[in-house]
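What follows is a short report on a single structure.
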Amino acid sequence: MNERTVRSMTTAQEFWETFYSERDQVWSGKPNPLLVREAERLKPGSALDIGCAEGGDAVWLAKKGWRVLGVDVSQVALDRAVKHAYDEGVEFAVERHDLKETFPEGLYDLVSAQFLHSPVEEDGERNSILKRAAQAVAPGGHLIIGGHAGAPSWSEHQDHYFPTTKDVLDHLELGDNWIVITDEVVERPLTGPDGQQESRKDNVLTIKRLY
């Protein structure tokens, strides 16, 4: 999708419905490795996956015994997530939310926000969503945030702001009832659309609510 098309979109839903409708499948269907690494050591309970897309993470969590609610702004993505779950023999609930406007009710033992970046987000939108995500963590629960630390060389979003884990923590303004479990930058190899070989850095932040 070109820059002109992005600018013509008036809502996040319009953008992401178009994004998913242009292809039969966008993502691999596999869970994000950083989420797997962080969540594998946790005892399964209730989980909220915000920006669940086509359900790769939600399916993995459900297979591990979590009771999952997957949330996305795109109905196309949610329909694919449900089908993915059915194909894998698991179930989880889904709800459509534009998280700038509405947020799921309840408290969860795990809230996952993986690569919650959007070319059409408003200033401060991601910060406010992540703050609301922290508020949805039950006492004793965890918030896992995975994010890109920068754009690859071939991306058209070179000027996009990619916050550090410190930026995220500063904006969350957490009280002394939280502790940081993981605060890390992970580098991994990446192959571009024309076979370019480079590496990309991602941030992972896992924090626990004590009470």
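Ligands are numbered from 1 in the order shown, residues from 1 within each chain, and chains are lettered A, B, ... in the order they appear in the structure tokens.
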
* To do: Going by DSSP on the backbone, which bits of region 7-209 of chain A are strand (DSSP E or B)? Write them as an MDAnalysis selection string, please.
  => chainID A and resid 46:50 67:72 93:96 108:114 137:148 178:191 197:209

* **Sel. of helix (DSSP H, G or I) residues, region 117-202 of chain A, as a PyMOL selection string** => chain A and resi 125-135+165-172

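When CA of Ala81 (chain A) is paired with CA of Val26 (chain A), their separation reads 11.6 Å.
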
Give me the region 69-185 of chain A side of the contact with region 46-63 of chain A, cut-off 7 Å, one line per residue showing its nearest atom pair and distance in Å at one decimal, counting only C-alpha atoms, sorted by chain and residue number, as JSON lines.
```
{"residue": "A:Leu69", "atom": "CA", "partner": "A:Leu48", "partner_atom": "CA", "distance": 5.0}
{"residue": "A:Gly70", "atom": "CA", "partner": "A:Asp49", "partner_atom": "CA", "distance": 4.8}
{"residue": "A:Val71", "atom": "CA", "partner": "A:Ile50", "partner_atom": "CA", "distance": 4.9}
{"residue": "A:Asp72", "atom": "CA", "partner": "A:Gly51", "partner_atom": "CA", "distance": 4.6}
{"residue": "A:Ala77", "atom": "CA", "partner": "A:Glu54", "partner_atom": "CA", "distance": 4.9}
{"residue": "A:Leu78", "atom": "CA", "partner": "A:Glu54", "partner_atom": "CA", "distance": 6.2}
{"residue": "A:Arg80", "atom": "CA", "partner": "A:Glu54", "partner_atom": "CA", "distance": 5.3}
{"residue": "A:Ala81", "atom": "CA", "partner": "A:Gly55", "partner_atom": "CA", "distance": 4.2}
{"residue": "A:His84", "atom": "CA", "partner": "A:Gly55", "partner_atom": "CA", "distance": 6.7}
{"residue": "A:Ala85", "atom": "CA", "partner": "A:Val59", "partner_atom": "CA", "distance": 5.7}
{"residue": "A:Val90", "atom": "CA", "partner": "A:Ala62", "partner_atom": "CA", "distance": 6.4}
{"residue": "A:Glu91", "atom": "CA", "partner": "A:Ala62", "partner_atom": "CA", "distance": 6.9}
{"residue": "A:Phe92", "atom": "CA", "partner": "A:Ala62", "partner_atom": "CA", "distance": 6.8}
{"residue": "A:Tyr108", "atom": "CA", "partner": "A:Ser46", "partner_atom": "CA", "distance": 5.2}
{"residue": "A:Asp109", "atom": "CA", "partner": "A:Ser46", "partner_atom": "CA", "distance": 5.2}
{"residue": "A:Leu110", "atom": "CA", "partner": "A:Ala47", "partner_atom": "CA", "distance": 4.6}
{"residue": "A:Val111", "atom": "CA", "partner": "A:Leu48", "partner_atom": "CA", "distance": 4.7}
{"residue": "A:Ser112", "atom": "CA", "partner": "A:Asp49", "partner_atom": "CA", "distance": 4.9}
{"residue": "A:Ala113", "atom": "CA", "partner": "A:Ile50", "partner_atom": "CA", "distance": 5.4}
{"residue": "A:Leu116", "atom": "CA", "partner": "A:Gly51", "partner_atom": "CA", "distance": 6.5}
```

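Between CA of Glu121 (chain A) and CA of Lys201 (chain A) the interatomic distance comes to 21.5 Å.
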
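The space separating CA of Pro193 (chain A) from CA of Phe15 (chain A) comes to 22.1 Å.
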
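Residue nearest Lys43 (chain A), chosen from A:His142, A:Asp98, A:Leu169, A:Trp154 and counting only C-alpha atoms: A:His142.
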
* Nearest to Glu187 (chain A): which of A:Gly175, A:Pro163, A:Pro31, A:Gly147 is it, counting only C-alpha atoms? -> A:Gly147

Please identify every residue of region 76-102 of chain A that has at least one atom no farther than 12 Å from an atom of region 125-131 of chain A, counting only C-alpha atoms, and for each give the shortest atom pair and the distance in Å to one decimal, arranged by chain then increasing number, as a Markdown table.
```
| residue | atom | partner | partner_atom | distance |
| --- | --- | --- | --- | --- |
| A:His97 | CA | A:Ile129 | CA | 11.4 |
| A:Asp98 | CA | A:Ile129 | CA | 10.0 |
| A:Leu99 | CA | A:Ile129 | CA | 6.4 |
| A:Lys100 | CA | A:Glu125 | CA | 6.4 |
| A:Glu101 | CA | A:Ile129 | CA | 9.5 |
| A:Thr102 | CA | A:Ile129 | CA | 9.6 |
```

Those residues with N, CA and C atoms, as a PDB file, in the first residue's frame please?
```
ATOM      1  N   HIS A  97     -12.158  -4.207  18.379  1.00  0.00           N
ATOM      2  CA  HIS A  97     -12.030  -2.911  19.046  1.00  0.00           C
ATOM      3  C   HIS A  97     -11.072  -2.025  18.262  1.00  0.00           C
ATOM      4  N   ASP A  98     -11.431  -0.779  18.078  1.00  0.00           N
ATOM      5  CA  ASP A  98     -10.449   0.249  17.759  1.00  0.00           C
ATOM      6  C   ASP A  98      -9.966   0.724  19.124  1.00  0.00           C
ATOM      7  N   LEU A  99      -8.782   0.281  19.512  1.00  0.00           N
ATOM      8  CA  LEU A  99      -8.329   0.468  20.890  1.00  0.00           C
ATOM      9  C   LEU A  99      -8.153   1.931  21.265  1.00  0.00           C
ATOM     10  N   LYS A 100      -8.127   2.790  20.296  1.00  0.00           N
ATOM     11  CA  LYS A 100      -8.117   4.232  20.583  1.00  0.00           C
ATOM     12  C   LYS A 100      -9.456   4.670  21.169  1.00  0.00           C
ATOM     13  N   GLU A 101     -10.518   3.916  20.822  1.00  0.00           N
ATOM     14  CA  GLU A 101     -11.879   4.280  21.225  1.00  0.00           C
ATOM     15  C   GLU A 101     -12.423   3.399  22.337  1.00  0.00           C
ATOM     16  N   THR A 102     -12.213   2.097  22.243  1.00  0.00           N
ATOM     17  CA  THR A 102     -12.779   1.157  23.215  1.00  0.00           C
ATOM     18  C   THR A 102     -11.731   0.114  23.580  1.00  0.00           C
TER      19      THR A 102
END
```

* Asked: region 177-181 of chain A: which residues within 6 Å, counting only C-alpha atoms, same-chain residues fewer than 5 positions away excluded, as a PyMOL selection string?
  -> chain A and resi 206-211
